Each structure stands twice: as C-alpha cells, then as structure tokens.
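File shown here: target-v8.csv, holding CSV, C-alpha atoms.
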```csv
chain,number,residue,atom,x,y,z
A,1,MET,CA,-49.9,59.5,45.9
A,2,PRO,CA,-47.7,56.4,45.9
A,3,ALA,CA,-49.3,53.0,45.2
A,4,ALA,CA,-50.1,51.0,48.3
A,5,ARG,CA,-47.7,48.1,49.2
A,6,ARG,CA,-49.1,44.6,48.5
A,7,PRO,CA,-49.6,42.5,51.7
A,8,GLY,CA,-46.6,40.3,52.3
A,9,ALA,CA,-44.3,42.2,49.9
A,10,PRO,CA,-40.8,43.2,51.0
A,11,ALA,CA,-40.7,46.7,52.4
A,12,GLY,CA,-37.6,47.8,50.4
A,13,GLY,CA,-35.9,47.2,47.1
A,14,SER,CA,-33.1,45.1,48.6
A,15,PRO,CA,-31.0,42.7,46.4
A,16,ALA,CA,-32.3,39.8,48.4
A,17,ALA,CA,-35.9,40.8,47.7
A,18,SER,CA,-35.0,41.2,44.0
A,19,ALA,CA,-33.5,37.7,43.9
A,20,GLU,CA,-36.5,36.1,45.5
A,21,ASN,CA,-38.9,37.9,43.2
A,22,SER,CA,-37.2,37.7,39.8
A,23,VAL,CA,-40.6,38.4,38.1
A,24,THR,CA,-42.4,41.4,39.7
A,25,PRO,CA,-46.2,41.4,39.1
A,26,ALA,CA,-47.5,44.5,37.4
A,27,PRO,CA,-49.0,46.9,39.9
A,28,ARG,CA,-52.8,46.8,40.2
A,29,LEU,CA,-54.3,49.9,38.6
A,30,PRO,CA,-56.8,51.9,40.7
A,31,ALA,CA,-60.5,51.4,39.9
A,32,VAL,CA,-62.0,54.1,37.6
A,33,VAL,CA,-64.9,55.7,39.5
A,34,PRO,CA,-67.0,58.3,37.7
A,35,GLY,CA,-67.1,61.6,39.5
A,36,GLY,CA,-70.2,63.7,40.0
A,37,PRO,CA,-73.9,62.7,40.0
A,38,LEU,CA,-75.1,59.9,37.8
A,39,SER,CA,-77.5,60.7,35.0
A,40,ALA,CA,-79.9,58.5,33.0
A,41,LEU,CA,-78.8,57.3,29.7
A,42,GLN,CA,-80.5,58.6,26.6
A,43,ASN,CA,-82.0,56.3,24.0
A,44,SER,CA,-79.3,57.4,21.5
A,45,GLU,CA,-76.6,56.4,24.0
A,46,ILE,CA,-78.2,53.0,24.8
A,47,SER,CA,-78.2,52.1,21.1
A,48,SER,CA,-74.6,53.2,20.6
A,49,ARG,CA,-71.5,50.9,20.6
A,50,ALA,CA,-70.3,52.7,23.7
A,51,VAL,CA,-72.9,51.0,25.9
A,52,ALA,CA,-72.8,47.2,25.9
A,53,GLY,CA,-75.8,45.1,26.9
A,54,LEU,CA,-75.4,42.5,29.6
A,55,GLU,CA,-77.5,39.9,27.7
A,56,ALA,CA,-77.5,38.8,24.1
A,57,PRO,CA,-80.7,39.6,22.2
A,58,PRO,CA,-83.2,36.7,22.6
A,59,ASP,CA,-83.7,36.5,18.8
A,60,LEU,CA,-82.5,38.2,15.6
A,61,TRP,CA,-85.6,40.5,15.4
A,62,HIS,CA,-84.7,42.0,18.7
A,63,ARG,CA,-81.1,42.5,17.5
A,64,ILE,CA,-82.3,44.2,14.3
A,65,ARG,CA,-84.7,46.5,16.2
A,66,ARG,CA,-81.8,47.5,18.6
A,67,GLY,CA,-79.7,48.7,15.7
A,68,PHE,CA,-82.3,50.9,14.0
A,69,ALA,CA,-80.6,54.2,13.3
A,70,MET,CA,-82.2,55.8,10.2
A,71,PRO,CA,-84.5,58.7,10.6
A,72,ASP,CA,-88.1,57.6,10.2
A,73,LEU,CA,-90.0,58.7,7.1
A,74,ASP,CA,-93.6,59.7,7.9
A,75,GLN,CA,-95.8,60.2,4.9
A,76,ASP,CA,-98.8,58.8,3.1
A,77,LEU,CA,-96.7,56.6,0.9
A,78,VAL,CA,-95.5,54.8,4.0
A,79,ARG,CA,-99.1,54.2,5.1
A,80,LYS,CA,-100.0,52.9,1.7
A,81,GLN,CA,-97.1,50.4,1.8
A,82,GLU,CA,-97.9,49.4,5.4
A,83,GLN,CA,-101.4,48.6,4.2
A,84,TRP,CA,-100.1,46.6,1.3
A,85,TYR,CA,-97.9,44.4,3.4
A,86,ALA,CA,-100.4,44.0,6.3
A,87,SER,CA,-103.1,42.8,4.0
A,88,ARG,CA,-100.8,40.0,2.8
A,89,PRO,CA,-99.9,38.0,6.0
A,90,ASP,CA,-99.0,34.9,3.9
A,91,TYR,CA,-96.5,36.9,1.9
A,92,ILE,CA,-94.9,38.3,5.0
A,93,GLN,CA,-94.7,34.8,6.5
A,94,ARG,CA,-93.0,33.4,3.3
A,95,MET,CA,-90.4,36.1,2.9
A,96,THR,CA,-89.5,36.3,6.6
A,97,ASP,CA,-89.2,32.5,6.7
A,98,ARG,CA,-86.9,32.5,3.7
A,99,SER,CA,-84.7,35.2,5.3
A,100,ARG,CA,-83.7,32.9,8.2
A,101,LYS,CA,-80.9,31.4,6.0
A,102,TYR,CA,-79.2,34.7,5.4
A,103,LEU,CA,-80.3,37.4,7.8
A,104,PHE,CA,-77.9,36.7,10.6
A,105,HIS,CA,-74.9,37.1,8.3
A,106,VAL,CA,-76.3,40.4,6.9
A,107,VAL,CA,-76.8,41.8,10.4
A,108,GLU,CA,-73.3,40.7,11.5
A,109,GLU,CA,-71.7,42.6,8.7
A,110,LEU,CA,-73.8,45.8,9.2
A,111,GLU,CA,-73.0,45.8,12.9
A,112,ARG,CA,-69.3,45.2,12.2
A,113,ARG,CA,-69.4,48.4,10.1
A,114,ASN,CA,-71.6,50.3,12.6
A,115,MET,CA,-74.3,50.7,9.9
A,116,PRO,CA,-78.1,51.0,10.5
A,117,THR,CA,-79.7,47.5,10.7
A,118,GLU,CA,-82.6,48.8,8.6
A,119,LEU,CA,-80.4,48.0,5.7
A,120,ALA,CA,-80.8,44.3,6.6
A,121,LEU,CA,-84.4,44.6,5.5
A,122,LEU,CA,-83.6,45.8,2.0
A,123,PRO,CA,-83.8,42.2,0.5
A,124,PHE,CA,-87.4,42.1,1.8
A,125,ILE,CA,-88.4,44.8,-0.6
A,126,GLU,CA,-85.9,43.9,-3.4
A,127,SER,CA,-86.6,40.2,-3.8
A,128,ALA,CA,-88.5,39.0,-0.7
A,129,PHE,CA,-85.4,37.0,0.0
A,130,ASN,CA,-86.0,34.8,-3.0
A,131,PRO,CA,-82.5,33.9,-4.2
A,132,GLN,CA,-83.7,33.3,-7.8
A,133,ALA,CA,-85.1,36.9,-8.1
A,134,VAL,CA,-83.3,39.4,-10.3
A,135,SER,CA,-84.5,42.9,-11.2
A,136,SER,CA,-85.5,43.8,-14.7
A,137,ALA,CA,-82.6,46.3,-14.8
A,138,ARG,CA,-80.1,43.8,-13.2
A,139,ALA,CA,-79.6,46.2,-10.3
A,140,GLY,CA,-76.2,46.5,-8.8
A,141,HIS,CA,-75.2,46.5,-5.1
A,142,VAL,CA,-74.6,49.6,-3.0
A,143,ALA,CA,-71.2,50.4,-1.8
A,144,VAL,CA,-71.0,53.4,0.5
A,145,HIS,CA,-67.6,55.0,1.0
A,146,ALA,CA,-66.8,57.4,3.7
A,147,GLY,CA,-67.0,60.9,2.5
A,148,HIS,CA,-68.1,59.8,-1.0
A,149,ARG,CA,-71.4,59.3,-2.8
A,150,PRO,CA,-72.8,55.8,-3.1
A,151,ARG,CA,-71.2,53.8,-5.9
A,152,LEU,CA,-73.0,51.0,-7.7
A,153,ARG,CA,-71.4,47.8,-8.7
A,154,PRO,CA,-73.0,45.5,-11.3
A,155,GLU,CA,-74.0,42.0,-10.2
A,156,ALA,CA,-71.4,39.7,-11.7
A,157,GLU,CA,-73.0,36.4,-10.8
A,158,ARG,CA,-76.4,35.1,-9.9
A,159,LEU,CA,-77.0,33.7,-6.4
A,160,PRO,CA,-77.3,30.0,-7.2
A,161,ARG,CA,-73.7,29.9,-8.5
A,162,ARG,CA,-72.2,30.8,-5.2
A,163,PRO,CA,-72.6,29.6,-1.5
A,164,PRO,CA,-75.3,31.6,0.3
A,165,ARG,CA,-72.8,33.3,2.7
A,166,ARG,CA,-71.0,34.8,-0.3
A,167,ALA,CA,-73.8,35.4,-2.8
A,168,GLY,CA,-76.8,37.5,-3.5
A,169,LEU,CA,-76.7,39.8,-0.5
A,170,HIS,CA,-73.0,40.6,-0.9
A,171,ALA,CA,-72.9,41.8,2.7
A,172,ARG,CA,-69.3,40.8,3.0
A,173,ARG,CA,-68.2,42.5,-0.2
A,174,ALA,CA,-70.1,45.7,0.3
A,175,ARG,CA,-67.8,48.5,1.5
A,176,LEU,CA,-69.7,49.9,4.3
A,177,PRO,CA,-67.2,51.5,6.7
A,178,ALA,CA,-68.0,52.8,10.2
A,179,GLU,CA,-67.6,56.4,9.1
A,180,ALA,CA,-70.6,56.1,6.9
A,181,ALA,CA,-72.8,55.9,10.0
A,182,ARG,CA,-72.4,59.6,10.2
A,183,HIS,CA,-74.2,60.0,7.0
A,184,VAL,CA,-77.4,58.1,7.8
A,185,ARG,CA,-79.5,61.1,6.9
A,186,ARG,CA,-78.1,60.8,3.4
A,187,LEU,CA,-79.0,57.1,3.1
A,188,ALA,CA,-82.4,57.9,1.5
A,189,PRO,CA,-80.8,59.5,-1.6
A,190,ALA,CA,-78.3,56.7,-1.5
A,191,LEU,CA,-81.0,54.1,-1.6
A,192,ALA,CA,-82.7,56.0,-4.4
A,193,ALA,CA,-79.5,55.9,-6.3
A,194,TYR,CA,-79.3,52.1,-5.6
A,195,ASN,CA,-82.7,51.6,-7.2
A,196,TRP,CA,-82.7,54.2,-10.0
A,197,GLY,CA,-79.0,54.8,-10.6
A,198,GLU,CA,-76.5,57.3,-9.2
A,199,GLY,CA,-76.5,59.4,-12.4
A,200,SER,CA,-80.3,59.6,-12.5
A,201,VAL,CA,-80.5,60.8,-8.9
A,202,GLY,CA,-77.7,63.3,-9.5
A,203,ARG,CA,-79.5,64.8,-12.5
A,204,ALA,CA,-82.7,65.1,-10.5
A,205,ILE,CA,-80.9,66.9,-7.7
A,206,LYS,CA,-79.3,69.4,-10.2
A,207,ALA,CA,-82.6,70.0,-11.9
A,208,ASN,CA,-84.2,70.9,-8.5
A,209,GLN,CA,-81.2,73.1,-7.7
A,210,ARG,CA,-81.6,75.0,-11.0
A,211,ALA,CA,-85.3,75.5,-10.3
A,212,GLY,CA,-84.7,76.7,-6.8
A,213,LEU,CA,-86.3,73.6,-5.2
A,214,GLY,CA,-85.3,71.4,-2.4
A,215,THR,CA,-83.2,68.3,-2.9
A,216,SER,CA,-84.4,66.0,-0.2
A,217,TYR,CA,-85.7,62.6,-1.1
A,218,THR,CA,-89.3,63.6,-1.0
A,219,GLU,CA,-88.8,66.6,-3.2
A,220,LEU,CA,-87.0,64.9,-6.1
A,221,ASN,CA,-88.8,64.1,-9.4
A,222,MET,CA,-88.4,60.3,-9.6
A,223,PRO,CA,-90.1,57.3,-11.2
A,224,ASP,CA,-92.9,55.7,-9.0
A,225,GLU,CA,-90.8,52.6,-8.4
A,226,THR,CA,-88.0,54.7,-6.9
A,227,ARG,CA,-90.3,57.1,-5.0
A,228,ASN,CA,-91.9,54.1,-3.3
A,229,TYR,CA,-88.5,52.4,-2.6
A,230,VAL,CA,-87.7,54.1,0.8
A,231,PRO,CA,-91.4,54.1,1.9
A,232,LYS,CA,-91.4,50.3,1.3
A,233,LEU,CA,-88.3,50.0,3.5
A,234,GLN,CA,-89.9,52.2,6.2
A,235,ALA,CA,-93.1,50.1,6.0
A,236,VAL,CA,-91.2,46.9,6.5
A,237,LYS,CA,-89.2,48.5,9.3
A,238,ASN,CA,-92.4,49.6,11.1
A,239,ILE,CA,-93.9,46.0,10.8
A,240,VAL,CA,-90.7,44.5,12.2
A,241,ALA,CA,-90.6,47.1,15.0
A,242,ASN,CA,-94.2,46.5,16.0
A,243,PRO,CA,-95.7,43.3,14.4
A,244,GLU,CA,-98.7,43.2,16.8
A,245,GLN,CA,-99.9,46.6,15.5
A,246,PHE,CA,-100.1,45.2,12.0
A,247,ARG,CA,-101.3,41.7,13.1
A,248,ALA,CA,-98.2,40.2,11.5
A,249,GLU,CA,-96.5,37.1,12.8
A,250,LEU,CA,-92.7,37.0,12.4
A,251,PRO,CA,-91.2,33.5,12.5
A,252,LEU,CA,-88.6,32.9,15.3
A,253,ILE,CA,-85.1,33.4,13.9
A,254,GLU,CA,-82.5,32.5,16.5
A,255,ASN,CA,-79.5,34.8,17.1
A,256,HIS,CA,-76.9,32.5,15.6
A,257,PRO,CA,-75.8,31.5,12.1
A,258,TYR,CA,-78.2,29.3,10.1
A,259,PHE,CA,-75.3,27.6,8.4
A,260,GLN,CA,-72.2,25.9,9.7
A,261,SER,CA,-69.0,25.0,7.8
A,262,VAL,CA,-67.8,21.4,8.2
A,263,THR,CA,-64.4,20.2,7.1
A,264,LEU,CA,-64.2,16.8,5.6
A,265,GLU,CA,-61.4,14.6,6.8
A,266,ARG,CA,-61.4,12.3,3.7
A,267,ASP,CA,-62.7,12.2,0.1
A,268,MET,CA,-66.4,11.6,0.0
A,269,ASP,CA,-69.2,11.2,-2.6
A,270,VAL,CA,-71.5,14.2,-2.7
A,271,GLU,CA,-74.5,11.9,-2.4
A,272,LEU,CA,-73.1,10.3,0.7
A,273,ALA,CA,-72.3,13.6,2.3
A,274,ALA,CA,-75.9,14.7,1.7
A,275,LYS,CA,-77.2,11.4,3.1
A,276,LEU,CA,-75.0,11.6,6.3
A,277,ALA,CA,-76.3,15.2,6.8
A,278,ASP,CA,-79.9,14.1,6.3
A,279,VAL,CA,-80.2,16.8,3.6
A,280,LYS,CA,-81.9,16.4,0.2
A,281,ILE,CA,-79.3,16.1,-2.6
A,282,GLU,CA,-80.7,19.1,-4.4
A,283,ASP,CA,-80.6,21.2,-1.2
A,284,PHE,CA,-77.0,20.1,-0.6
A,285,LYS,CA,-76.0,21.1,-4.1
A,286,ALA,CA,-77.7,24.5,-3.7
A,287,LEU,CA,-75.8,25.1,-0.5
A,288,ASN,CA,-72.5,23.9,-2.0
A,289,PRO,CA,-72.5,24.8,-5.7
A,290,GLN,CA,-68.7,24.7,-5.7
A,291,HIS,CA,-68.8,20.9,-5.3
A,292,ASN,CA,-70.1,20.3,-8.8
A,293,ARG,CA,-68.4,16.9,-9.3
A,294,PRO,CA,-69.5,13.5,-7.9
A,295,VAL,CA,-66.7,13.4,-5.3
A,296,ILE,CA,-65.5,16.0,-2.8
A,297,LEU,CA,-61.7,15.9,-2.5
A,298,ALA,CA,-60.5,16.6,1.0
A,299,ALA,CA,-57.1,17.7,-0.4
A,300,GLY,CA,-58.9,20.4,-2.5
A,301,THR,CA,-61.9,22.2,-1.0
A,302,PRO,CA,-62.9,20.1,2.0
A,303,GLN,CA,-65.3,22.5,3.5
A,304,ILE,CA,-69.0,21.9,3.0
A,305,LEU,CA,-71.8,24.2,4.2
A,306,LEU,CA,-74.8,22.7,6.1
A,307,PRO,CA,-77.7,24.0,8.2
A,308,ARG,CA,-76.6,24.2,11.8
A,309,ASP,CA,-78.7,21.2,13.0
A,310,ASN,CA,-77.7,19.1,10.0
A,311,ALA,CA,-74.0,19.8,10.7
A,312,THR,CA,-74.4,18.1,14.1
A,313,VAL,CA,-76.3,15.2,12.4
A,314,PHE,CA,-73.5,14.9,9.8
A,315,LYS,CA,-70.7,14.7,12.4
A,316,ARG,CA,-72.5,12.0,14.4
A,317,ASN,CA,-73.3,9.9,11.3
A,318,PHE,CA,-69.8,10.3,9.9
A,319,ALA,CA,-68.3,8.9,13.2
A,320,GLU,CA,-70.7,5.9,13.1
A,321,TYR,CA,-70.5,5.2,9.3
A,322,SER,CA,-69.3,1.7,8.5
A,323,ALA,CA,-71.4,0.7,5.5
A,324,GLY,CA,-68.6,0.9,3.0
A,325,LYS,CA,-66.4,3.3,1.1
A,326,PHE,CA,-66.7,7.0,1.5
A,327,ALA,CA,-65.8,7.8,-2.1
A,328,SER,CA,-66.3,5.9,-5.4
A,329,TRP,CA,-62.8,7.2,-6.4
A,330,THR,CA,-60.1,9.2,-4.8
A,331,ALA,CA,-57.5,11.8,-6.0
A,332,GLY,CA,-54.9,9.1,-6.6
A,333,ALA,CA,-57.2,6.8,-8.5
A,334,ARG,CA,-58.4,7.0,-12.1
A,335,ARG,CA,-61.7,8.7,-12.4
A,336,PRO,CA,-64.7,6.8,-13.8
A,337,PRO,CA,-65.5,7.7,-17.4
```
Turn this file's structure into structure tokens for me.
Amino acid sequence: MPAARRPGAPAGGSPAASAENSVTPAPRLPAVVPGGPLSALQNSEISSRAVAGLEAPPDLWHRIRRGFAMPDLDQDLVRKQEQWYASRPDYIQRMTDRSRKYLFHVVEELERRNMPTELALLPFIESAFNPQAVSSARAGHVAVHAGHRPRLRPEAERLPRRPPRRAGLHARRARLPAEAARHVRRLAPALAAYNWGEGSVGRAIKANQRAGLGTSYTELNMPDETRNYVPKLQAVKNIVANPEQFRAELPLIENHPYFQSVTLERDMDVELAAKLADVKIEDFKALNPQHNRPVILAAGTPQILLPRDNATVFKRNFAEYSAGKFASWTAGARRPP
C-alpha cells in the first residue's frame, strides 16, 4: 500500500514542486504494532536487556538486585555463612559503607558486559572492600573469555598506588564480554578457580572424572577456603536481596559515581587543591597517588579525583579564591631545592 500523502504536499512530482522543495523530508515510517494477544512478561524477560525500565533504580542496591542472574546455591554451607554475617551487623555496616566509593563503577562495568551483578559482591568476601587487604597467596583477578575457561592474571600493583577507579577491583581491565553471560552456570567453577587456581580446579575435575564422580562445584574435592567461597558469595547475595530477613541495615548508596574528575585550569599546590576541596591532605593523596609532587602541573596531568560533593565545593572555592598564588612554582620556573 503506498504511503499516504502529507497534508499540504504537492500532488505530483512536477519540476515546480521539486524546485520549491529542494530538500524532501524522509517519509514517516508506520508505527510498529504487535499483532496477536498480549501476554505477561516473565521474570527472566523483565531482567533482560531487551526490556528497559521507565525509571532509574532508586539506589545502587536496587540496581544490583535487578541484575542478579546466577543460579542460587541452596545448601547447609550457605546457611552457615548467612549466620556468620548476620551475627556481625557491625562488620556488615563497615564493609558496605566502605563499598560506596567503588561499587557504582563495578556495577557499571558488569552491566556493560551483560554479566551477573552478583560479581559486584565478590570484594565483600575477598577483602570487605578494604583497599589495603591482600590475600596470603596474592590472588590474581578473574578474566572470563567467551568460549574459554577462566584465566587468572597476577596482581601487578597494590591498590594504594593507583586511583580507585583503576585499582584493586580491576573492573575496567577484566575481560568480561557479553557472550560470557551464557555461561553463568559455569561461574561457580570459575570462581573456585579464581580462589584456588585454575590448575588445581582442573586437576580436581579430572580426578572426579577418573573416579566416575560428578564434576559440579559441590562434588569437587577442594580446600575448605575454596569450598566456602561460593557459599559466602551466596550468603552475601541473600543478605543484599533481603536485608530485613537477616536484620541487616545496608547504608544508602546512591545510583551515581562516588568520584568525579575535575580538570585544573592552572598549576596548583597539592595542599591548596585539598584545601579548596575541603578534603584532608592524606585523603586527597590517597585518591590521587599519581600527584606525588608538591605541585600539580596543568600542562601535564591536570585531572584530579574528588568525592562528588567535594568536587562541587572545589569548583566554587576555586572561582572565589583570591588569597594569593595557586602554586609555589610553575613549569617555567626553577623548582625549589
């Protein structure tokens, strides 16, 4: 059926009409109307990328719950870990409060790769989001490749040496492509390999195969630490999913980045930058370890990382600052001895 003529448009394709309308608007495409009866969406469809919510999640915890996709593990070890966490409300409060600096960025990267958001909870069981923590075995970081087994990469640097958005969690470096979402049922062995080592898990699987035994996570012969690894993750997931059931209080973590990058327009002393941002100098240096000299050179690396609210304070104070020089020396001047 030919497209309907627009109201007021010439009836034919005459030269006069072409001259008056040198640019012809693209024809309006017909609306796509689904045919047949409508049916209710299933839970799996609601959580998929094909269905977009009309409202943003009210906080980050809702956003994490919405992205849960790993099959639940239901066993006594999970109940034991639930009891351990639930009996330590102060511990839960401390580790969840520490997570507010990093959790948004981890969730962003997982969603970008269509990965289960349960993986954002791994730092809770690894280090309780303590950036100074390091495992006795100097555990590497998981990198899941489509169609391949998990590969471990050794930790090259400790968290304090790098800005928080690029350190410790390594969410931006981990290769977690969208295709790996198809293998969520294989994530339990992958997580065991992360904790125990890929070679160790592979040998445990082969040993069970030779003995005619199953090779699922719960059937492998593993050290207690590894055997409890996924149950710990499941326990934390259950608490996040239903904190009231465990009498746990999760601090409000808003659904936006904790940090904000600010670009300096001129050279500035590190101490002055911290003062204008109303941030303690030690906290400023922890956030910006790359600025390890007294002066930040705008021509070099002018970006500084600040908590979101302090970035607003810095911009206001910078615009009003008139107390003196911004830098004790500049790039063109001789540095003090």
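CA of Met222 (chain A) is positioned 8.4 Å from CA of Trp196 (chain A).
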### Message
(-80.1, 68.6, 1.2) in this file's frame - what residues fall within 10 Å of it? Use all atoms listed in the file and give the answer as a PyMOL selection string.
### Response
chain A and resi 185-186+189+205+214-217+219
### Task
Find, counting all atoms listed in the file, the residue in A:Ile304, A:Thr96, A:Asp224, A:Ala277 that gets nearest to Pro289 (chain A).
A:Ile304
### Selected residue of minimal separation from Pro116 (chain A) among A:Glu320, A:Asp269, A:Glu249, A:Asp72, counting all atoms listed in the file
A:Asp72
### Task
Name the residues within 6 Å of (-84.3, 34.2, 17.6), counting only C-alpha atoms in the file's coordinates, and put them as a PyMOL selection string.
chain A and resi 58-60+252-255
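Here CA of Asn317 (chain A) and CA of Leu276 (chain A) stand 5.5 Å from one another.
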### Task
Choose the residue, out of A:Pro307, A:Arg247, A:Glu265, A:Gly212, that has the smallest atom-to-atom separation from Phe284 (chain A); count only C-alpha atoms.
A:Pro307
### Message
Would you compute the distance between CA of Thr263 (chain A) and CA of Ala298 (chain A)? Give it in Å to one decimal.
### Response
8.1 Å
### Query
Which residue, A:Gln81, A:Tyr91, A:Ala286, A:Gly67, has the smallest gap to Arg113 (chain A) when you use only C-alpha atoms?
A:Gly67
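In terms of minimum interatomic distance to Met115 (chain A), A:Arg66 ranks closest within A:Lys285, A:Arg66, A:His291, A:Lys325, counting all atoms listed in the file.
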### Message
Env of Pro294 (chain A): 9 Å cut, atoms = all atoms listed in the file, seq-sep filter 5 positions within chain, self excluded. Answer as a ChimeraX atom specification.
### Response
/A:268-271,327-328
### Query
If you count all atoms listed in the file, which residues fall within 8 Å of Leu306 (chain A), apart from same-chain ones fewer than 5 positions away, as a list in words?
Phe259, Gln260, Ser261, Val262, Ala277, Phe284, Leu287 and Ala311 of chain A
Can you pull out the residues contacting Asn195 (chain A)? Cut-off 8 Å, using only C-alpha atoms, and skip same-chain residues under 3 positions away; I want them as a compact mmCIF listing (two decimals) with C-alpha atoms, in the frame of the given file.
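Done, and the output landed in result26.txt:
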```txt
# COMPACT_ATOMS: atom_id res chain seq x y z
CA ALA A 139 -79.60 46.20 -10.30
CA LEU A 191 -81.00 54.10 -1.60
CA ALA A 192 -82.70 56.00 -4.40
CA THR A 226 -88.00 54.70 -6.90
CA TYR A 229 -88.50 52.40 -2.60
```
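Using all atoms listed in the file, the nearest neighbour of Val78 (chain A) within the list A:Asn130, A:Arg203, A:Val230, A:Arg210 is A:Val230.
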### Task
Give me the residues within 9 Å of Ala120 (chain A) as a list in words, counting all atoms listed in the file and dropping any in the same chain fewer than 3 places off.
Ile64, Leu103, Val106, Val107, Leu110, Pro116, Thr117, Pro123 and Phe124 of chain A
